[in-house]
file data-v6.cif (mmCIF, C-alpha atoms; chains and numbers go by the auth columns)
data_coords
loop_
_atom_site.group_PDB
_atom_site.id
_atom_site.type_symbol
_atom_site.label_atom_id
_atom_site.label_comp_id
_atom_site.label_asym_id
_atom_site.label_seq_id
_atom_site.Cartn_x
_atom_site.Cartn_y
_atom_site.Cartn_z
_atom_site.B_iso_or_equiv
_atom_site.auth_seq_id
_atom_site.auth_asym_id
ATOM 1 C CA MET A 1 0.000 0.000 0.000 0.00 1 A
ATOM 2 C CA LYS A 2 1.161 3.517 -0.826 0.00 2 A
ATOM 3 C CA VAL A 3 -0.344 6.452 1.103 0.00 3 A
ATOM 4 C CA ALA A 4 -0.285 10.192 0.411 0.00 4 A
ATOM 5 C CA ILE A 5 -0.489 12.277 3.598 0.00 5 A
ATOM 6 C CA ALA A 6 -0.831 16.004 4.202 0.00 6 A
ATOM 7 C CA SER A 7 -2.033 18.528 6.725 0.00 7 A
ATOM 8 C CA ASP A 8 -2.509 22.221 7.027 0.00 8 A
ATOM 9 C CA HIS A 9 -1.074 24.177 9.971 0.00 9 A
ATOM 10 C CA GLY A 10 -3.818 22.808 12.248 0.00 10 A
ATOM 11 C CA GLY A 11 -2.822 19.169 11.753 0.00 11 A
ATOM 12 C CA VAL A 12 0.977 19.107 11.773 0.00 12 A
ATOM 13 C CA ASN A 13 1.368 17.265 15.106 0.00 13 A
ATOM 14 C CA ILE A 14 -1.031 14.435 14.293 0.00 14 A
ATOM 15 C CA ARG A 15 0.451 14.117 10.796 0.00 15 A
ATOM 16 C CA GLU A 16 3.819 13.398 12.389 0.00 16 A
ATOM 17 C CA GLU A 17 2.235 10.750 14.657 0.00 17 A
ATOM 18 C CA ILE A 18 0.565 9.055 11.698 0.00 18 A
ATOM 19 C CA LYS A 19 3.840 9.008 9.777 0.00 19 A
ATOM 20 C CA LYS A 20 5.480 7.231 12.733 0.00 20 A
ATOM 21 C CA LEU A 21 2.609 4.742 12.765 0.00 21 A
ATOM 22 C CA MET A 22 2.996 4.026 9.046 0.00 22 A
ATOM 23 C CA ASP A 23 6.745 3.518 9.572 0.00 23 A
ATOM 24 C CA GLU A 24 5.913 0.978 12.304 0.00 24 A
ATOM 25 C CA MET A 25 3.358 -0.740 10.035 0.00 25 A
ATOM 26 C CA GLY A 26 5.790 -0.844 7.104 0.00 26 A
ATOM 27 C CA ILE A 27 3.505 1.271 4.933 0.00 27 A
ATOM 28 C CA GLN A 28 5.074 3.348 2.193 0.00 28 A
ATOM 29 C CA TYR A 29 3.978 6.983 2.180 0.00 29 A
ATOM 30 C CA GLU A 30 4.798 10.407 0.815 0.00 30 A
ATOM 31 C CA ASP A 31 4.331 13.566 2.866 0.00 31 A
ATOM 32 C CA PHE A 32 2.818 16.491 0.955 0.00 32 A
ATOM 33 C CA GLY A 33 3.220 19.025 3.806 0.00 33 A
ATOM 34 C CA CYS A 34 2.707 21.573 5.195 0.00 34 A
ATOM 35 C CA GLU A 35 5.955 22.382 6.928 0.00 35 A
ATOM 36 C CA CYS A 36 4.873 25.454 8.829 0.00 36 A
ATOM 37 C CA GLY A 37 3.103 26.628 11.934 0.00 37 A
ATOM 38 C CA THR A 38 1.577 29.657 10.273 0.00 38 A
ATOM 39 C CA SER A 39 -1.821 29.741 8.631 0.00 39 A
ATOM 40 C CA VAL A 40 -2.108 28.106 5.208 0.00 40 A
ATOM 41 C CA ASP A 41 -5.058 27.216 2.971 0.00 41 A
ATOM 42 C CA TYR A 42 -6.206 23.598 3.418 0.00 42 A
ATOM 43 C CA PRO A 43 -7.290 23.121 -0.247 0.00 43 A
ATOM 44 C CA ASP A 44 -3.652 23.618 -1.263 0.00 44 A
ATOM 45 C CA TYR A 45 -2.866 20.367 0.578 0.00 45 A
ATOM 46 C CA ALA A 46 -6.111 18.393 0.296 0.00 46 A
ATOM 47 C CA LEU A 47 -6.536 18.676 -3.461 0.00 47 A
ATOM 48 C CA PRO A 48 -3.057 17.405 -4.494 0.00 48 A
ATOM 49 C CA VAL A 49 -3.411 14.388 -2.174 0.00 49 A
ATOM 50 C CA ALA A 50 -6.901 13.635 -3.499 0.00 50 A
ATOM 51 C CA GLU A 51 -5.684 13.946 -7.091 0.00 51 A
ATOM 52 C CA LYS A 52 -2.797 11.551 -6.423 0.00 52 A
ATOM 53 C CA VAL A 53 -5.218 8.980 -4.984 0.00 53 A
ATOM 54 C CA ALA A 54 -7.787 9.475 -7.759 0.00 54 A
ATOM 55 C CA SER A 55 -5.097 8.993 -10.425 0.00 55 A
ATOM 56 C CA GLY A 56 -4.011 5.694 -8.863 0.00 56 A
ATOM 57 C CA GLU A 57 -0.521 6.920 -8.067 0.00 57 A
ATOM 58 C CA PHE A 58 -1.357 6.332 -4.385 0.00 58 A
ATOM 59 C CA ASP A 59 -3.742 3.734 -2.952 0.00 59 A
ATOM 60 C CA ARG A 60 -5.042 5.908 -0.139 0.00 60 A
ATOM 61 C CA GLY A 61 -4.686 9.350 1.377 0.00 61 A
ATOM 62 C CA ILE A 62 -4.757 10.817 4.869 0.00 62 A
ATOM 63 C CA LEU A 63 -5.571 14.485 5.522 0.00 63 A
ATOM 64 C CA ILE A 64 -5.474 16.358 8.828 0.00 64 A
ATOM 65 C CA CYS A 65 -6.556 19.897 9.653 0.00 65 A
ATOM 66 C CA GLY A 66 -8.032 21.513 12.748 0.00 66 A
ATOM 67 C CA THR A 67 -11.411 19.792 12.451 0.00 67 A
ATOM 68 C CA GLY A 68 -11.003 17.606 9.361 0.00 68 A
ATOM 69 C CA ILE A 69 -14.035 19.291 7.829 0.00 69 A
ATOM 70 C CA GLY A 70 -12.273 21.567 5.349 0.00 70 A
ATOM 71 C CA MET A 71 -9.933 18.837 4.182 0.00 71 A
ATOM 72 C CA SER A 72 -12.788 16.362 3.657 0.00 72 A
ATOM 73 C CA ILE A 73 -14.925 18.877 1.752 0.00 73 A
ATOM 74 C CA ALA A 74 -12.026 19.784 -0.538 0.00 74 A
ATOM 75 C CA ALA A 75 -10.945 16.183 -1.132 0.00 75 A
ATOM 76 C CA ASN A 76 -14.476 15.077 -1.992 0.00 76 A
ATOM 77 C CA LYS A 77 -14.561 17.572 -4.878 0.00 77 A
ATOM 78 C CA VAL A 78 -12.089 15.352 -6.747 0.00 78 A
ATOM 79 C CA LYS A 79 -13.766 12.735 -8.947 0.00 79 A
ATOM 80 C CA GLY A 80 -13.202 9.240 -7.596 0.00 80 A
ATOM 81 C CA ILE A 81 -12.522 10.286 -4.021 0.00 81 A
ATOM 82 C CA ARG A 82 -14.525 8.955 -1.114 0.00 82 A
ATOM 83 C CA CYS A 83 -13.083 10.901 1.799 0.00 83 A
ATOM 84 C CA ALA A 84 -14.442 10.077 5.244 0.00 84 A
ATOM 85 C CA LEU A 85 -14.162 12.435 8.189 0.00 85 A
ATOM 86 C CA VAL A 86 -13.542 10.143 11.161 0.00 86 A
ATOM 87 C CA HIS A 87 -13.173 10.826 14.877 0.00 87 A
ATOM 88 C CA ASP A 88 -13.871 7.377 16.372 0.00 88 A
ATOM 89 C CA LEU A 89 -12.828 3.763 15.848 0.00 89 A
ATOM 90 C CA PHE A 90 -16.217 2.427 14.766 0.00 90 A
ATOM 91 C CA THR A 91 -16.559 4.793 11.818 0.00 91 A
ATOM 92 C CA ALA A 92 -12.893 4.218 10.890 0.00 92 A
ATOM 93 C CA LYS A 93 -13.676 0.512 10.574 0.00 93 A
ATOM 94 C CA VAL A 94 -17.033 0.854 8.836 0.00 94 A
ATOM 95 C CA THR A 95 -15.983 3.482 6.313 0.00 95 A
ATOM 96 C CA ARG A 96 -13.430 1.045 4.895 0.00 96 A
ATOM 97 C CA GLU A 97 -15.690 -2.023 5.089 0.00 97 A
ATOM 98 C CA HIS A 98 -18.910 -0.456 3.788 0.00 98 A
ATOM 99 C CA ASN A 99 -17.952 2.725 1.920 0.00 99 A
ATOM 100 C CA ASP A 100 -14.557 1.783 0.472 0.00 100 A
ATOM 101 C CA SER A 101 -13.241 5.188 1.538 0.00 101 A
ATOM 102 C CA ASN A 102 -9.927 5.973 -0.087 0.00 102 A
ATOM 103 C CA VAL A 103 -9.084 9.117 1.888 0.00 103 A
ATOM 104 C CA LEU A 104 -9.266 9.587 5.651 0.00 104 A
ATOM 105 C CA ALA A 105 -9.711 13.034 7.209 0.00 105 A
ATOM 106 C CA MET A 106 -9.197 13.812 10.891 0.00 106 A
ATOM 107 C CA GLY A 107 -9.195 16.927 13.068 0.00 107 A
ATOM 108 C CA GLU A 108 -6.291 17.622 15.409 0.00 108 A
ATOM 109 C CA ARG A 109 -8.377 20.038 17.474 0.00 109 A
ATOM 110 C CA VAL A 110 -11.054 17.341 17.889 0.00 110 A
ATOM 111 C CA ILE A 111 -9.003 14.241 18.785 0.00 111 A
ATOM 112 C CA GLY A 112 -5.656 13.612 20.408 0.00 112 A
ATOM 113 C CA PRO A 113 -2.642 11.831 18.949 0.00 113 A
ATOM 114 C CA GLY A 114 -3.347 8.480 20.616 0.00 114 A
ATOM 115 C CA LEU A 115 -6.847 8.205 19.216 0.00 115 A
ATOM 116 C CA ALA A 116 -5.665 9.509 15.837 0.00 116 A
ATOM 117 C CA ARG A 117 -3.095 6.697 15.673 0.00 117 A
ATOM 118 C CA GLU A 118 -5.745 4.074 16.514 0.00 118 A
ATOM 119 C CA ILE A 119 -8.153 5.496 13.935 0.00 119 A
ATOM 120 C CA ALA A 120 -5.461 5.515 11.261 0.00 120 A
ATOM 121 C CA LYS A 121 -4.344 1.983 12.155 0.00 121 A
ATOM 122 C CA THR A 122 -7.928 0.706 11.976 0.00 122 A
ATOM 123 C CA TRP A 123 -8.561 2.495 8.686 0.00 123 A
ATOM 124 C CA LEU A 124 -5.263 1.449 7.093 0.00 124 A
ATOM 125 C CA SER A 125 -5.852 -2.185 8.104 0.00 125 A
ATOM 126 C CA GLY A 126 -9.467 -2.259 6.943 0.00 126 A
ATOM 127 C CA GLU A 127 -10.675 -3.854 3.739 0.00 127 A
ATOM 128 C CA PHE A 128 -13.776 -3.240 1.640 0.00 128 A
ATOM 129 C CA GLU A 129 -16.351 -6.012 2.143 0.00 129 A
ATOM 130 C CA GLY A 130 -17.926 -5.638 -1.286 0.00 130 A
ATOM 131 C CA GLY A 131 -21.200 -7.544 -1.571 0.00 131 A
ATOM 132 C CA ARG A 132 -24.245 -5.352 -1.012 0.00 132 A
ATOM 133 C CA HIS A 133 -21.937 -2.416 -0.319 0.00 133 A
ATOM 134 C CA ALA A 134 -20.354 -2.630 -3.781 0.00 134 A
ATOM 135 C CA ASN A 135 -23.667 -1.772 -5.424 0.00 135 A
ATOM 136 C CA ARG A 136 -24.023 1.303 -3.223 0.00 136 A
ATOM 137 C CA VAL A 137 -20.527 2.550 -3.947 0.00 137 A
ATOM 138 C CA ALA A 138 -21.108 1.877 -7.656 0.00 138 A
ATOM 139 C CA LYS A 139 -24.180 4.139 -7.577 0.00 139 A
ATOM 140 C CA ILE A 140 -21.991 6.976 -6.304 0.00 140 A
ATOM 141 C CA THR A 141 -19.482 6.342 -9.085 0.00 141 A
ATOM 142 C CA GLN A 142 -22.250 6.219 -11.708 0.00 142 A
ATOM 143 C CA TYR A 143 -23.580 9.559 -10.514 0.00 143 A
ATOM 144 C CA GLU A 144 -20.104 11.034 -10.537 0.00 144 A
ATOM 145 C CA ASP A 145 -19.481 9.726 -14.060 0.00 145 A
ATOM 146 C CA GLY A 146 -22.687 11.388 -15.239 0.00 146 A
ATOM 147 C CA GLN A 147 -21.605 14.796 -13.978 0.00 147 A
ATOM 148 C CA GLN A 148 -19.634 16.591 -16.675 0.00 148 A
#
call {"tool": "encode", "arguments": {"input": "data-v6.cif", "output": "structure tokens"}}
result
Amino acid sequence: MKVAIASDHGGVNIREEIKKLMDEMGIQYEDFGCECGTSVDYPDYALPVAEKVASGEFDRGILICGTGIGMSIAANKVKGIRCALVHDLFTAKVTREHNDSNVLAMGERVIGPGLAREIAKTWLSGEFEGGRHANRVAKITQYEDGQQ
């Protein structure tokens, strides 16, 4: 698995924790920033990660900002992205199993580093169940394909 990861200024600390986790899990990743503590615009980080995942260059993406909301909204504008904003373990598990999410968004001002690591570990380890869920995800893709 190859993961693209990024944060804005509000998610730098958790991004570093998730990178350590991926090192421990032996997961290959590329960090798309940001490298600052001053205010930056989250779309400048969310959109490149989402595009890399949508193109197939990366299997999954992880985005962190203050709440995760801005990152998830921006990422979901990219065709082919199913970004889930997650702040608990149950939804981390289910969004992979049922929704085949390919980008995870989290908020550093909402959860701490320990929970963020557990969410990321659950999400990175999760697999899509397919079955009845595949039809539902396909309907989203069909709709997306019809939008020009």
call {"tool": "axis_aligned_box", "arguments": {"input": "data-v6.cif", "around": "region 8-25 of chain A", "padding_each_side": "5 Å", "output": "JSON"}}
result
{"center_x": 1.5, "center_y": 11.7, "center_z": 11.1, "size_x": 20.6, "size_y": 34.9, "size_z": 18.1}
call {"tool": "resolve_selection", "arguments": {"input": "data-v6.cif", "expression": "the PyMOL selection byres ((chain A and resi 75) around 10)", "output": "PDB file with C-alpha atoms, in the coordinates of the input"}}
result
ATOM      1  CA  TYR A  42      -6.206  23.598   3.418  1.00  0.00           C
ATOM      2  CA  PRO A  43      -7.290  23.121  -0.247  1.00  0.00           C
ATOM      3  CA  TYR A  45      -2.866  20.367   0.578  1.00  0.00           C
ATOM      4  CA  ALA A  46      -6.111  18.393   0.296  1.00  0.00           C
ATOM      5  CA  LEU A  47      -6.536  18.676  -3.461  1.00  0.00           C
ATOM      6  CA  PRO A  48      -3.057  17.405  -4.494  1.00  0.00           C
ATOM      7  CA  VAL A  49      -3.411  14.388  -2.174  1.00  0.00           C
ATOM      8  CA  ALA A  50      -6.901  13.635  -3.499  1.00  0.00           C
ATOM      9  CA  GLU A  51      -5.684  13.946  -7.091  1.00  0.00           C
ATOM     10  CA  VAL A  53      -5.218   8.980  -4.984  1.00  0.00           C
ATOM     11  CA  ALA A  54      -7.787   9.475  -7.759  1.00  0.00           C
ATOM     12  CA  GLY A  61      -4.686   9.350   1.377  1.00  0.00           C
ATOM     13  CA  LEU A  63      -5.571  14.485   5.522  1.00  0.00           C
ATOM     14  CA  ILE A  69     -14.035  19.291   7.829  1.00  0.00           C
ATOM     15  CA  GLY A  70     -12.273  21.567   5.349  1.00  0.00           C
ATOM     16  CA  MET A  71      -9.933  18.837   4.182  1.00  0.00           C
ATOM     17  CA  SER A  72     -12.788  16.362   3.657  1.00  0.00           C
ATOM     18  CA  ILE A  73     -14.925  18.877   1.752  1.00  0.00           C
ATOM     19  CA  ALA A  74     -12.026  19.784  -0.538  1.00  0.00           C
ATOM     20  CA  ASN A  76     -14.476  15.077  -1.992  1.00  0.00           C
ATOM     21  CA  LYS A  77     -14.561  17.572  -4.878  1.00  0.00           C
ATOM     22  CA  VAL A  78     -12.089  15.352  -6.747  1.00  0.00           C
ATOM     23  CA  LYS A  79     -13.766  12.735  -8.947  1.00  0.00           C
ATOM     24  CA  GLY A  80     -13.202   9.240  -7.596  1.00  0.00           C
ATOM     25  CA  ILE A  81     -12.522  10.286  -4.021  1.00  0.00           C
ATOM     26  CA  ARG A  82     -14.525   8.955  -1.114  1.00  0.00           C
ATOM     27  CA  CYS A  83     -13.083  10.901   1.799  1.00  0.00           C
ATOM     28  CA  ALA A  84     -14.442  10.077   5.244  1.00  0.00           C
ATOM     29  CA  VAL A 103      -9.084   9.117   1.888  1.00  0.00           C
ATOM     30  CA  LEU A 104      -9.266   9.587   5.651  1.00  0.00           C
ATOM     31  CA  ALA A 105      -9.711  13.034   7.209  1.00  0.00           C
TER      32      ALA A 105
END
call {"tool": "resolve_selection", "arguments": {"input": "data-v6.cif", "expression": "the PyMOL selection byres ((chain A and resi 32) around 10)", "output": "PyMOL selection string"}}
result
chain A and resi 4-8+29-31+33-35+44-46+48-49+63
call {"tool": "residues_around", "arguments": {"input": "data-v6.cif", "residues": "region 85-96 of chain A", "least_positions_apart": "3", "cutoff": "7 Å", "atoms": "all atoms listed in the file", "output": "number ranges by chain"}}
result
A: 68-69, 72, 99-101, 104-106, 111, 119, 122-123, 126-128
call {"tool": "resolve_selection", "arguments": {"input": "data-v6.cif", "expression": "the PyMOL selection byres ((chain A and resi 18) around 10)", "output": "count of residues only"}}
result
22
call {"tool": "atom_distance", "arguments": {"input": "data-v6.cif", "atom1": "CA of Asn102 (chain A)", "atom2": "CA of His9 (chain A)"}}
result
22.6 Å
call {"tool": "atom_distance", "arguments": {"input": "data-v6.cif", "atom1": "CA of Ala138 (chain A)", "atom2": "CA of Ser55 (chain A)"}}
result
17.7 Å
call {"tool": "atom_distance", "arguments": {"input": "data-v6.cif", "atom1": "CA of Glu129 (chain A)", "atom2": "CA of His98 (chain A)"}}
result
6.3 Å
call {"tool": "closest_residue", "arguments": {"input": "data-v6.cif", "among": "A:Asp41, A:Glu144, A:Asp59, A:Glu97", "to": "Gln28 (chain A)", "atoms": "all atoms listed in the file"}}
result
A:Asp59
